[in-house]
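Trainee: So I've got this file, run.tsv, and it contains TSV, C-alpha atoms:
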```
chain	number	residue	atom	x	y	z
Q	1	MET	CA	49.55	-8.48	-25.46
Q	2	SER	CA	48.48	-6.90	-22.19
Q	3	LEU	CA	44.88	-6.07	-21.41
Q	4	TRP	CA	45.65	-2.39	-21.78
Q	5	GLU	CA	47.09	-2.92	-25.29
Q	6	ILE	CA	44.03	-4.99	-26.30
Q	7	LEU	CA	41.74	-2.25	-25.01
Q	8	ARG	CA	43.71	0.42	-26.87
Q	9	VAL	CA	43.48	-1.49	-30.14
Q	10	ALA	CA	39.74	-2.08	-29.61
Q	11	VAL	CA	39.03	1.61	-28.97
Q	12	ARG	CA	41.09	2.58	-32.00
Q	13	GLY	CA	39.03	0.19	-34.10
Q	14	LEU	CA	35.78	1.76	-32.86
Q	15	LEU	CA	36.98	5.28	-33.54
Q	16	ALA	CA	37.98	4.33	-37.06
Q	17	ASN	CA	34.25	3.97	-37.88
Q	18	LYS	CA	32.56	6.60	-35.72
Q	19	LEU	CA	29.21	6.65	-37.56
Q	20	ARG	CA	28.89	2.87	-37.46
Q	21	SER	CA	29.74	2.84	-33.75
Q	22	VAL	CA	27.11	5.50	-33.01
Q	23	LEU	CA	24.42	3.66	-34.97
Q	24	THR	CA	25.30	0.40	-33.21
Q	25	THR	CA	24.89	1.94	-29.77
Q	26	LEU	CA	21.54	3.47	-30.75
Q	27	GLY	CA	19.60	0.21	-30.36
Q	28	ILE	CA	21.04	-0.40	-26.88
Q	29	THR	CA	20.39	3.24	-25.91
Q	30	ILE	CA	16.72	3.02	-26.91
Q	31	GLY	CA	16.30	-0.33	-25.19
Q	32	VAL	CA	17.79	0.75	-21.86
Q	33	ALA	CA	15.90	4.06	-21.89
Q	34	ALA	CA	12.64	2.25	-22.66
Q	35	VAL	CA	13.15	-0.29	-19.87
Q	36	ILE	CA	13.89	2.40	-17.28
Q	37	LEU	CA	11.11	4.76	-18.38
Q	38	LEU	CA	8.34	2.17	-18.77
Q	39	THR	CA	9.27	0.49	-15.49
Q	40	ALA	CA	9.18	3.92	-13.83
Q	41	VAL	CA	5.72	4.57	-15.28
Q	42	GLY	CA	4.48	1.27	-13.89
Q	43	ASN	CA	5.98	2.06	-10.48
Q	44	GLY	CA	4.40	5.50	-10.58
Q	45	ALA	CA	0.98	4.06	-11.37
Q	46	SER	CA	1.32	1.60	-8.50
Q	47	ALA	CA	2.36	4.34	-6.09
Q	48	ALA	CA	-0.54	6.54	-7.20
Q	49	VAL	CA	-3.03	3.74	-6.60
Q	50	GLU	CA	-1.58	3.07	-3.15
Q	51	ARG	CA	-1.76	6.77	-2.23
Q	52	SER	CA	-5.31	7.05	-3.49
Q	53	ILE	CA	-6.58	4.06	-1.56
Q	54	ALA	CA	-4.55	4.82	1.55
Q	55	GLY	CA	-5.94	8.36	1.48
Q	56	LEU	CA	-9.41	6.97	2.07
Q	57	GLY	CA	-8.30	5.23	5.26
Q	58	THR	CA	-7.64	1.62	6.18
Q	59	ASN	CA	-10.93	0.94	7.95
Q	60	LEU	CA	-13.40	1.35	5.08
Q	61	LEU	CA	-15.79	-1.16	3.58
Q	62	THR	CA	-17.45	-0.60	0.23
Q	63	VAL	CA	-20.75	-2.42	-0.29
Q	64	SER	CA	-22.05	-2.70	-3.84
Q	65	PRO	CA	-24.80	-4.81	-5.46
Q	66	ALA	CA	-23.72	-8.04	-7.09
Q	67	ARG	CA	-24.17	-8.19	-10.82
Q	68	GLY	CA	-27.41	-9.61	-12.09
Q	69	THR	CA	-29.18	-9.51	-8.72
Q	70	ALA	CA	-32.84	-8.61	-8.42
Q	71	ARG	CA	-32.60	-6.91	-5.02
Q	72	PRO	CA	-30.73	-3.59	-4.99
Q	73	LEU	CA	-29.21	-1.67	-2.13
Q	74	THR	CA	-31.47	0.98	-0.63
Q	75	THR	CA	-31.30	3.87	1.81
Q	76	LEU	CA	-33.09	1.63	4.31
Q	77	ASP	CA	-30.18	-0.81	4.07
Q	78	ALA	CA	-27.80	2.06	4.86
Q	79	GLU	CA	-29.91	3.15	7.84
Q	80	ALA	CA	-29.95	-0.41	9.17
Q	81	LEU	CA	-26.15	-0.62	8.98
Q	82	ALA	CA	-25.90	2.58	11.01
Q	83	ASP	CA	-27.88	1.01	13.86
Q	84	LYS	CA	-25.42	0.51	16.73
Q	85	LEU	CA	-27.61	-2.16	18.30
Q	86	ILE	CA	-27.19	-4.59	15.41
Q	87	ALA	CA	-23.84	-3.37	14.05
Q	88	PRO	CA	-21.85	-2.07	17.06
Q	89	ASP	CA	-18.49	-2.09	15.22
Q	90	VAL	CA	-19.74	0.13	12.40
Q	91	GLY	CA	-18.62	3.69	12.99
Q	92	ALA	CA	-20.34	5.59	10.18
Q	93	VAL	CA	-22.28	4.93	6.98
Q	94	ALA	CA	-22.65	6.93	3.76
Q	95	PRO	CA	-25.13	5.90	1.03
Q	96	ILE	CA	-24.02	6.82	-2.49
Q	97	VAL	CA	-25.74	7.32	-5.82
Q	98	THR	CA	-23.89	8.40	-8.93
Q	99	ALA	CA	-24.99	10.18	-12.07
Q	100	GLN	CA	-23.63	11.56	-15.32
Q	101	ALA	CA	-23.65	15.33	-15.55
Q	102	THR	CA	-22.31	18.25	-17.53
Q	103	ALA	CA	-21.33	21.28	-15.45
Q	104	THR	CA	-21.92	24.68	-17.04
Q	105	TYR	CA	-21.13	28.22	-15.95
Q	106	ARG	CA	-21.51	31.24	-18.24
Q	107	GLY	CA	-21.19	29.19	-21.39
Q	108	VAL	CA	-18.25	27.11	-20.20
Q	109	SER	CA	-19.15	23.40	-20.03
Q	110	GLN	CA	-17.27	20.46	-18.60
Q	111	GLN	CA	-18.22	16.78	-18.38
Q	112	VAL	CA	-17.92	15.92	-14.70
Q	113	GLY	CA	-15.72	12.92	-13.96
Q	114	GLN	CA	-17.95	11.73	-11.14
Q	115	LEU	CA	-21.11	13.17	-9.63
Q	116	ILE	CA	-21.91	11.75	-6.20
Q	117	GLY	CA	-25.09	12.06	-4.22
Q	118	THR	CA	-24.61	11.28	-0.54
Q	119	ARG	CA	-24.95	12.48	3.05
Q	120	PRO	CA	-22.65	14.86	4.95
Q	121	GLY	CA	-20.82	12.01	6.70
Q	122	TYR	CA	-19.29	11.05	3.34
Q	123	PHE	CA	-16.68	13.82	3.57
Q	124	GLU	CA	-15.19	12.53	6.82
Q	125	ILE	CA	-15.61	8.84	6.03
Q	126	THR	CA	-13.72	9.08	2.73
Q	127	ASN	CA	-11.17	11.62	3.96
Q	128	SER	CA	-12.44	14.30	1.56
Q	129	PRO	CA	-12.07	17.55	3.52
Q	130	VAL	CA	-13.55	20.79	2.26
Q	131	GLY	CA	-10.78	23.27	1.51
Q	132	SER	CA	-12.93	26.40	1.27
Q	133	GLY	CA	-16.56	27.08	2.07
Q	134	ALA	CA	-18.44	24.30	3.85
Q	135	ALA	CA	-20.00	20.92	3.27
Q	136	PHE	CA	-23.76	20.65	2.92
Q	137	THR	CA	-25.78	19.63	5.98
Q	138	GLU	CA	-28.41	17.09	6.92
Q	139	ALA	CA	-30.97	19.87	6.58
Q	140	ASP	CA	-29.87	20.25	2.95
Q	141	VAL	CA	-30.47	16.53	2.45
Q	142	THR	CA	-33.85	16.59	4.21
Q	143	GLU	CA	-35.10	19.56	2.19
Q	144	ALA	CA	-33.40	18.42	-1.05
Q	145	ARG	CA	-31.67	21.75	-1.52
Q	146	LYS	CA	-29.76	22.29	-4.74
Q	147	VAL	CA	-26.30	22.84	-3.27
Q	148	VAL	CA	-22.99	21.22	-4.25
Q	149	VAL	CA	-19.40	20.83	-3.17
Q	150	ILE	CA	-17.02	20.71	-6.12
Q	151	GLY	CA	-13.49	19.42	-6.65
Q	152	GLN	CA	-10.48	21.50	-7.61
Q	153	THR	CA	-10.55	20.40	-11.26
Q	154	VAL	CA	-14.19	21.42	-11.69
Q	155	ALA	CA	-13.51	24.74	-9.97
Q	156	HIS	CA	-10.58	25.46	-12.28
Q	157	GLU	CA	-12.02	24.20	-15.56
Q	158	VAL	CA	-15.53	25.63	-15.21
Q	159	PHE	CA	-15.02	28.79	-13.16
Q	160	GLY	CA	-11.50	29.65	-14.29
Q	161	GLY	CA	-9.98	32.16	-11.88
Q	162	ALA	CA	-13.30	33.14	-10.27
Q	163	ASP	CA	-14.14	32.18	-6.70
Q	164	PRO	CA	-16.96	29.63	-7.16
Q	165	LEU	CA	-18.40	29.96	-3.64
Q	166	GLY	CA	-21.97	31.21	-3.83
Q	167	LEU	CA	-22.10	31.06	-7.62
Q	168	SER	CA	-24.70	29.12	-9.57
Q	169	LEU	CA	-23.45	25.99	-11.35
Q	170	GLN	CA	-25.74	24.25	-13.80
Q	171	LEU	CA	-25.72	20.46	-13.78
Q	172	ASN	CA	-27.59	19.12	-16.79
Q	173	ASN	CA	-29.20	22.58	-17.03
Q	174	ILE	CA	-30.38	22.49	-13.40
Q	175	PRO	CA	-28.98	25.32	-11.25
Q	176	PHE	CA	-27.05	24.42	-8.09
Q	177	THR	CA	-25.33	26.76	-5.65
Q	178	VAL	CA	-21.67	26.02	-4.88
Q	179	VAL	CA	-21.23	25.99	-1.09
Q	180	GLY	CA	-17.79	24.41	-0.86
Q	181	VAL	CA	-14.64	23.40	-2.73
Q	182	LEU	CA	-12.80	20.20	-1.79
Q	183	ALA	CA	-9.17	20.27	-0.76
Q	184	PRO	CA	-6.98	18.95	-3.59
Q	185	LYS	CA	-6.43	15.19	-3.67
Q	186	GLY	CA	-4.77	14.78	-7.06
Q	187	ALA	CA	-5.00	12.29	-9.89
Q	188	THR	CA	-4.15	8.61	-9.47
Q	189	GLY	CA	-3.38	8.06	-13.15
Q	190	LEU	CA	-6.55	6.00	-13.31
Q	191	GLN	CA	-9.04	8.57	-12.00
Q	192	ASN	CA	-8.88	12.26	-11.11
Q	193	ALA	CA	-10.23	12.57	-7.57
Q	194	ASP	CA	-10.51	16.34	-8.04
Q	195	ASP	CA	-12.87	16.03	-11.00
Q	196	THR	CA	-15.82	15.58	-8.65
Q	197	VAL	CA	-19.15	17.14	-7.76
Q	198	ILE	CA	-20.85	16.08	-4.52
Q	199	ALA	CA	-24.50	16.89	-3.85
Q	200	PRO	CA	-27.11	15.91	-1.23
Q	201	LEU	CA	-28.44	12.40	-1.76
Q	202	SER	CA	-32.09	13.43	-2.05
Q	203	THR	CA	-31.34	16.26	-4.47
Q	204	THR	CA	-29.32	13.97	-6.72
Q	205	GLN	CA	-32.08	11.37	-6.79
Q	206	TYR	CA	-34.87	13.86	-7.47
Q	207	ALA	CA	-33.05	16.01	-10.00
Q	208	LEU	CA	-30.38	13.89	-11.69
Q	209	SER	CA	-30.30	10.12	-11.17
Q	210	GLY	CA	-33.90	9.32	-10.38
Q	211	VAL	CA	-35.29	7.95	-7.14
Q	212	GLY	CA	-34.29	4.34	-6.72
Q	213	SER	CA	-31.48	2.09	-5.59
Q	214	LEU	CA	-28.05	3.02	-4.35
Q	215	ASN	CA	-24.87	2.43	-6.29
Q	216	GLN	CA	-22.81	1.89	-3.15
Q	217	ILE	CA	-22.79	2.10	0.60
Q	218	VAL	CA	-19.52	3.18	2.19
Q	219	VAL	CA	-19.08	1.84	5.72
Q	220	GLN	CA	-16.42	2.99	8.16
Q	221	ALA	CA	-15.47	0.58	10.93
Q	222	SER	CA	-15.11	2.05	14.40
Q	223	SER	CA	-11.36	1.38	14.11
Q	224	ALA	CA	-8.87	-0.47	11.92
Q	225	ASP	CA	-8.81	-3.28	14.49
Q	226	THR	CA	-12.57	-3.87	14.20
Q	227	LEU	CA	-12.64	-3.97	10.39
Q	228	SER	CA	-13.19	-7.74	10.22
Q	229	ALA	CA	-15.90	-7.63	12.87
Q	230	ALA	CA	-17.62	-4.74	11.11
Q	231	GLN	CA	-17.53	-6.62	7.80
Q	232	ALA	CA	-19.14	-9.67	9.44
Q	233	GLN	CA	-21.87	-7.49	10.95
Q	234	VAL	CA	-22.55	-5.75	7.63
Q	235	THR	CA	-22.86	-9.14	5.95
Q	236	ALA	CA	-25.23	-10.44	8.61
Q	237	VAL	CA	-27.46	-7.34	8.51
Q	238	LEU	CA	-27.76	-7.26	4.73
Q	239	ASP	CA	-28.27	-11.03	4.47
Q	240	GLN	CA	-31.15	-10.77	6.92
Q	241	ARG	CA	-32.70	-7.79	5.15
Q	242	HIS	CA	-32.36	-9.39	1.72
Q	243	GLY	CA	-33.63	-12.78	2.80
Q	244	ILE	CA	-30.34	-14.59	2.20
Q	245	THR	CA	-30.38	-17.83	4.17
Q	246	GLY	CA	-28.50	-21.13	4.28
Q	247	GLU	CA	-26.16	-21.70	1.34
Q	248	ALA	CA	-27.67	-18.96	-0.81
Q	249	VAL	CA	-25.20	-16.53	-2.33
Q	250	SER	CA	-25.39	-12.93	-1.11
Q	251	ASP	CA	-26.72	-10.41	-3.61
Q	252	PHE	CA	-24.10	-7.84	-2.64
Q	253	ARG	CA	-20.33	-7.58	-2.50
Q	254	ILE	CA	-18.15	-6.16	0.23
Q	255	ALA	CA	-14.62	-4.96	-0.42
Q	256	ASN	CA	-12.32	-3.57	2.22
Q	257	GLN	CA	-9.48	-1.19	1.52
Q	258	GLN	CA	-6.75	-3.77	2.05
Q	259	GLN	CA	-8.32	-6.15	-0.46
Q	260	LEU	CA	-8.75	-3.33	-2.93
Q	261	LEU	CA	-5.17	-2.18	-2.42
Q	262	THR	CA	-3.85	-5.72	-2.89
Q	263	ALA	CA	-5.88	-6.29	-6.05
Q	264	ARG	CA	-4.91	-3.00	-7.66
Q	265	THR	CA	-1.27	-3.34	-6.64
Q	266	GLN	CA	-1.12	-6.78	-8.24
Q	267	THR	CA	-2.70	-5.36	-11.38
Q	268	THR	CA	-0.21	-2.51	-11.64
Q	269	GLU	CA	2.69	-4.86	-10.90
Q	270	THR	CA	1.57	-7.10	-13.77
Q	271	PHE	CA	1.27	-3.98	-15.92
Q	272	THR	CA	4.82	-2.98	-14.97
Q	273	VAL	CA	6.19	-6.42	-15.84
Q	274	LEU	CA	4.48	-6.33	-19.23
Q	275	LEU	CA	5.91	-2.89	-19.95
Q	276	ALA	CA	9.39	-4.04	-18.95
Q	277	ALA	CA	9.06	-7.15	-21.14
Q	278	VAL	CA	8.07	-5.06	-24.15
Q	279	ALA	CA	10.98	-2.69	-23.54
Q	280	ALA	CA	13.38	-5.62	-23.10
Q	281	LEU	CA	12.67	-6.59	-26.71
Q	282	SER	CA	14.41	-3.36	-27.71
Q	283	LEU	CA	17.51	-4.55	-25.85
Q	284	LEU	CA	17.35	-7.87	-27.68
Q	285	VAL	CA	17.09	-6.09	-31.02
Q	286	GLY	CA	20.05	-3.94	-30.00
Q	287	GLY	CA	22.04	-7.08	-29.21
Q	288	ILE	CA	21.26	-8.58	-32.60
Q	289	GLY	CA	22.38	-5.30	-34.15
Q	290	ILE	CA	25.72	-5.57	-32.34
Q	291	THR	CA	26.21	-9.08	-33.70
Q	292	ASN	CA	25.51	-7.97	-37.27
Q	293	ILE	CA	27.77	-4.93	-37.07
Q	294	MET	CA	30.61	-6.87	-35.46
Q	295	LEU	CA	30.38	-9.58	-38.15
Q	296	VAL	CA	30.67	-6.85	-40.78
Q	297	THR	CA	33.61	-5.40	-38.86
Q	298	VAL	CA	35.38	-8.77	-38.75
Q	299	THR	CA	34.88	-9.21	-42.49
Q	300	GLU	CA	36.28	-5.76	-43.27
Q	301	ARG	CA	39.32	-6.30	-41.05
Q	302	ILE	CA	40.28	-9.83	-42.09
Q	303	ARG	CA	43.64	-8.68	-43.50
Q	304	GLU	CA	44.39	-6.78	-40.30
Q	305	ILE	CA	43.58	-9.90	-38.31
Q	306	GLY	CA	45.84	-11.99	-40.57
Q	307	ILE	CA	48.76	-9.59	-40.14
Q	308	ARG	CA	48.37	-9.55	-36.37
Q	309	LYS	CA	48.19	-13.35	-36.19
Q	310	ALA	CA	51.17	-13.68	-38.54
Q	311	THR	CA	53.20	-11.43	-36.24
Q	312	GLY	CA	52.41	-13.59	-33.23
Q	313	ALA	CA	49.16	-12.24	-31.79
Q	314	PRO	CA	47.44	-15.09	-29.86
Q	315	ARG	CA	43.81	-16.08	-30.42
Q	316	LEU	CA	42.89	-14.72	-27.01
Q	317	ALA	CA	44.15	-11.24	-27.99
Q	318	ILE	CA	42.18	-11.30	-31.25
Q	319	SER	CA	38.93	-12.51	-29.66
Q	320	GLY	CA	39.43	-10.19	-26.68
Q	321	GLN	CA	39.72	-7.18	-28.97
Q	322	PHE	CA	36.36	-7.79	-30.62
Q	323	VAL	CA	34.62	-8.72	-27.35
Q	324	ILE	CA	35.89	-5.48	-25.84
Q	325	GLU	CA	34.70	-3.51	-28.86
Q	326	ALA	CA	31.19	-4.98	-28.53
Q	327	THR	CA	31.18	-4.45	-24.77
Q	328	VAL	CA	32.33	-0.84	-25.04
Q	329	LEU	CA	29.55	-0.17	-27.56
Q	330	SER	CA	26.93	-1.67	-25.27
Q	331	MET	CA	28.31	0.15	-22.21
Q	332	VAL	CA	28.20	3.51	-23.98
Q	333	GLY	CA	24.71	2.78	-25.26
Q	334	GLY	CA	23.61	1.57	-21.84
Q	335	GLY	CA	24.99	4.66	-20.12
Q	336	LEU	CA	23.29	7.03	-22.55
Q	337	GLY	CA	20.05	5.05	-22.30
Q	338	ALA	CA	20.13	5.19	-18.51
Q	339	LEU	CA	20.66	8.95	-18.60
Q	340	ILE	CA	17.85	9.49	-21.11
Q	341	GLY	CA	15.48	7.20	-19.19
Q	342	VAL	CA	16.10	8.95	-15.85
Q	343	LEU	CA	15.69	12.41	-17.41
Q	344	ALA	CA	12.49	11.43	-19.23
Q	345	ALA	CA	11.05	10.04	-15.99
Q	346	GLN	CA	11.13	13.53	-14.48
Q	347	PHE	CA	8.07	14.48	-16.53
Q	348	THR	CA	4.46	13.46	-15.91
Q	349	ILE	CA	3.22	10.92	-18.44
Q	350	ALA	CA	-0.54	10.38	-18.95
Q	351	GLY	CA	-1.22	11.84	-15.52
Q	352	ILE	CA	1.34	9.57	-13.86
Q	353	GLN	CA	4.55	10.75	-12.24
Q	354	PRO	CA	7.12	8.02	-13.02
Q	355	VAL	CA	9.09	6.64	-10.10
Q	356	VAL	CA	12.63	5.55	-10.98
Q	357	GLN	CA	14.13	2.80	-8.86
Q	358	PRO	CA	17.95	2.68	-8.73
Q	359	SER	CA	17.81	-1.11	-8.96
Q	360	ALA	CA	15.99	-0.85	-12.30
Q	361	VAL	CA	18.65	1.52	-13.65
Q	362	ALA	CA	21.47	-0.75	-12.47
Q	363	LEU	CA	19.74	-3.85	-13.86
Q	364	ALA	CA	19.07	-2.28	-17.26
Q	365	PHE	CA	22.68	-1.07	-17.54
Q	366	GLY	CA	24.04	-4.44	-16.36
Q	367	VAL	CA	21.93	-6.30	-18.91
Q	368	SER	CA	23.17	-4.00	-21.66
Q	369	VAL	CA	26.78	-4.87	-20.75
Q	370	LEU	CA	25.97	-8.59	-20.70
Q	371	ILE	CA	24.31	-8.23	-24.10
Q	372	GLY	CA	27.55	-6.77	-25.46
Q	373	LEU	CA	29.54	-9.68	-24.03
Q	374	PHE	CA	27.08	-12.29	-25.27
Q	375	PHE	CA	26.35	-10.96	-28.74
Q	376	GLY	CA	29.95	-9.94	-29.32
Q	377	SER	CA	31.34	-13.38	-28.48
Q	378	TYR	CA	30.38	-15.06	-31.77
Q	379	PRO	CA	32.03	-12.46	-34.05
Q	380	ALA	CA	35.06	-12.49	-31.73
Q	381	ALA	CA	35.33	-16.28	-31.90
Q	382	ARG	CA	35.01	-16.17	-35.67
Q	383	ALA	CA	37.83	-13.63	-35.90
Q	384	ALA	CA	40.06	-15.71	-33.61
Q	385	ARG	CA	39.54	-18.87	-35.71
Q	386	LEU	CA	40.79	-17.28	-38.95
Q	387	ARG	CA	43.96	-18.85	-40.31
Q	388	PRO	CA	46.72	-16.26	-41.00
Q	389	ILE	CA	47.37	-17.37	-44.60
Q	390	GLU	CA	43.68	-17.29	-45.56
Q	391	ALA	CA	43.26	-13.94	-43.88
Q	392	LEU	CA	46.23	-12.41	-45.71
Q	393	ARG	CA	44.91	-13.68	-49.07
Q	394	HIS	CA	41.49	-12.10	-48.47
Q	395	GLU	CA	40.65	-9.18	-50.76
```
Could you spell out this file's structure in structure tokens?
Mentor:
Amino acid sequence: MSLWEILRVAVRGLLANKLRSVLTTLGITIGVAAVILLTAVGNGASAAVERSIAGLGTNLLTVSPARGTARPLTTLDAEALADKLIAPDVGAVAPIVTAQATATYRGVSQQVGQLIGTRPGYFEITNSPVGSGAAFTEADVTEARKVVVIGQTVAHEVFGGADPLGLSLQLNNIPFTVVGVLAPKGATGLQNADDTVIAPLSTTQYALSGVGSLNQIVVQASSADTLSAAQAQVTAVLDQRHGITGEAVSDFRIANQQQLLTARTQTTETFTVLLAAVAALSLLVGGIGITNIMLVTVTERIREIGIRKATGAPRLAISGQFVIEATVLSMVGGGLGALIGVLAAQFTIAGIQPVVQPSAVALAFGVSVLIGLFFGSYPAARAARLRPIEALRHE
């Protein structure tokens, strides 16, 4: 028999049991769609993290206290780092305190994602431009004025369609005047950068967080090329101020943007691999389903196989027919799964916009075809080994 005749017989066999064929392809369809969609979600999360960190700039250092240390970071530490005489490669410094707060306006309340107390330089250092209104000033910090700059999410959720500029926003029942609204930055999938309220450092300490240590100090190097030098200078200044000498371990940690990007990218890549591995189990289950269905098919068609072998059909034609049937089922299932996965990836999932890679689609479809070949080979071999006389006697 020619390849075309074998293919025709295989397709005719599949069409003879349409419902069974559809159910067989279902496992492969789900598996391929899951692989494509979950891989796309992982890629989207990775891309969101990269955009978020890159949006802050490549020449930033984030200084935070080490866990379990007795000496915290202070505003005096931040002022020392801004001294050009001892840290010439440091371009700008922004001390940061954080607090938990509920924002309320005319009975509408919203838990703020992050409330930051800082100085005006924070907006430029962290690439957080004000979209409307204006940022607060050093005079606001000096006089501890109750003014805030809010993110787009806070503006939308708390004020609705009203223009928040000049309105009074209560934070933990303390009234603040909105002087600016940040330009939109978007959600990373891990944190919504627009769900933010930024207030003067002194006001935040006096009214919300309490006067005390800093949570972080954000340091901007004078340029991307001087990042390493700036990090060394920050380390030297803080070690001296905190009395760290010799082999003693520093009581603070410094992370630069590249390190943070690398760490988070590795985390999301691991996350993506785990998602793909879980989805691949669906493909394996689909392959086992093909084996079971094809074995049932061989059993039901033993007499047909016997007649064909008795009339001279070679073993290769018999085995080829069932391998082709299994492969066609997996190809159809793989094609439908690829289509469903790509379409589903067009929607935002848990705040993440999935990113479909053509290589992932091709790989998932290719694996589905290989699964058909692999899992269909045993039933095909079993059919080819049947002796004509025994097959014709089968009831």
Trainee: Which is closest to Q:Arg119 among Q:Ala207, Q:Leu76, Q:Ile198, Q:Val181, if we use all atoms listed in the file?
Mentor: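 Of the candidates, the smallest distance to Q:Arg119 is held by Q:Ile198.
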Trainee: Distance atom CA of Q:Gly320-atom CA of Q:Ala338, one decimal place?
Mentor: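 Computing the Euclidean distance for atom CA of Q:Gly320 and atom CA of Q:Ala338 yields 26.0 Å.
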Trainee: I'd like to know which of Q:Phe374, Q:Tyr105, Q:Tyr206, Q:Phe322 is closest to Q:Leu284, using only C-alpha atoms.
Mentor: Q:Phe374
Trainee: One number please: atom CA of Q:Arg145 to atom CA of Q:Thr104, in Å, one decimal.
Mentor: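 For atom CA of Q:Arg145 relative to atom CA of Q:Thr104, the distance reads 18.6 Å.
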Trainee: Using all atoms listed in the file, find the one residue out of Q:Gly286, Q:Pro200, Q:Gly376, Q:Gly341 that sits nearest to Q:Val328.
Mentor: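 Nearest to Q:Val328: Q:Gly376.
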Trainee: Between atom CA of Q:Ala162 and atom CA of Q:Glu143, measure the distance and give it in Å to one decimal.
Mentor: 28.5 Å
Trainee: Which polymer residues have any atom within 7 Å of an atom of Q:Phe252, counting only C-alpha atoms, with same-chain residues fewer than 6 positions away left out, as a list in words?
Mentor: Val63, Ser64, Pro65 and Ala66 of chain Q
Trainee: Pick out the residues sitting within 7 Å of stretch 173-179 of chain Q, and hand them over as a PDB file with C-alpha atoms, in the coordinates of the input; count all atoms listed in the file, and ignore anything fewer than 6 positions along from it in its own chain.
Mentor:
```
ATOM      1  CA  GLY Q 133     -16.560  27.080   2.070  1.00  0.00           C
ATOM      2  CA  ALA Q 134     -18.440  24.300   3.850  1.00  0.00           C
ATOM      3  CA  ALA Q 135     -20.000  20.920   3.270  1.00  0.00           C
ATOM      4  CA  LYS Q 146     -29.760  22.290  -4.740  1.00  0.00           C
ATOM      5  CA  VAL Q 147     -26.300  22.840  -3.270  1.00  0.00           C
ATOM      6  CA  VAL Q 148     -22.990  21.220  -4.250  1.00  0.00           C
ATOM      7  CA  VAL Q 149     -19.400  20.830  -3.170  1.00  0.00           C
ATOM      8  CA  PRO Q 164     -16.960  29.630  -7.160  1.00  0.00           C
ATOM      9  CA  LEU Q 165     -18.400  29.960  -3.640  1.00  0.00           C
ATOM     10  CA  GLY Q 166     -21.970  31.210  -3.830  1.00  0.00           C
ATOM     11  CA  LEU Q 167     -22.100  31.060  -7.620  1.00  0.00           C
TER      12      LEU Q 167
END
```
Trainee: If we count all atoms listed in the file and set the cut-off at 8 Å, which residues sit around Q:Gly27, ignoring sequence neighbours fewer than 5 positions away in its own chain? Please answer as number ranges by chain.
Mentor: Q: 282-283, 285-287, 289, 333
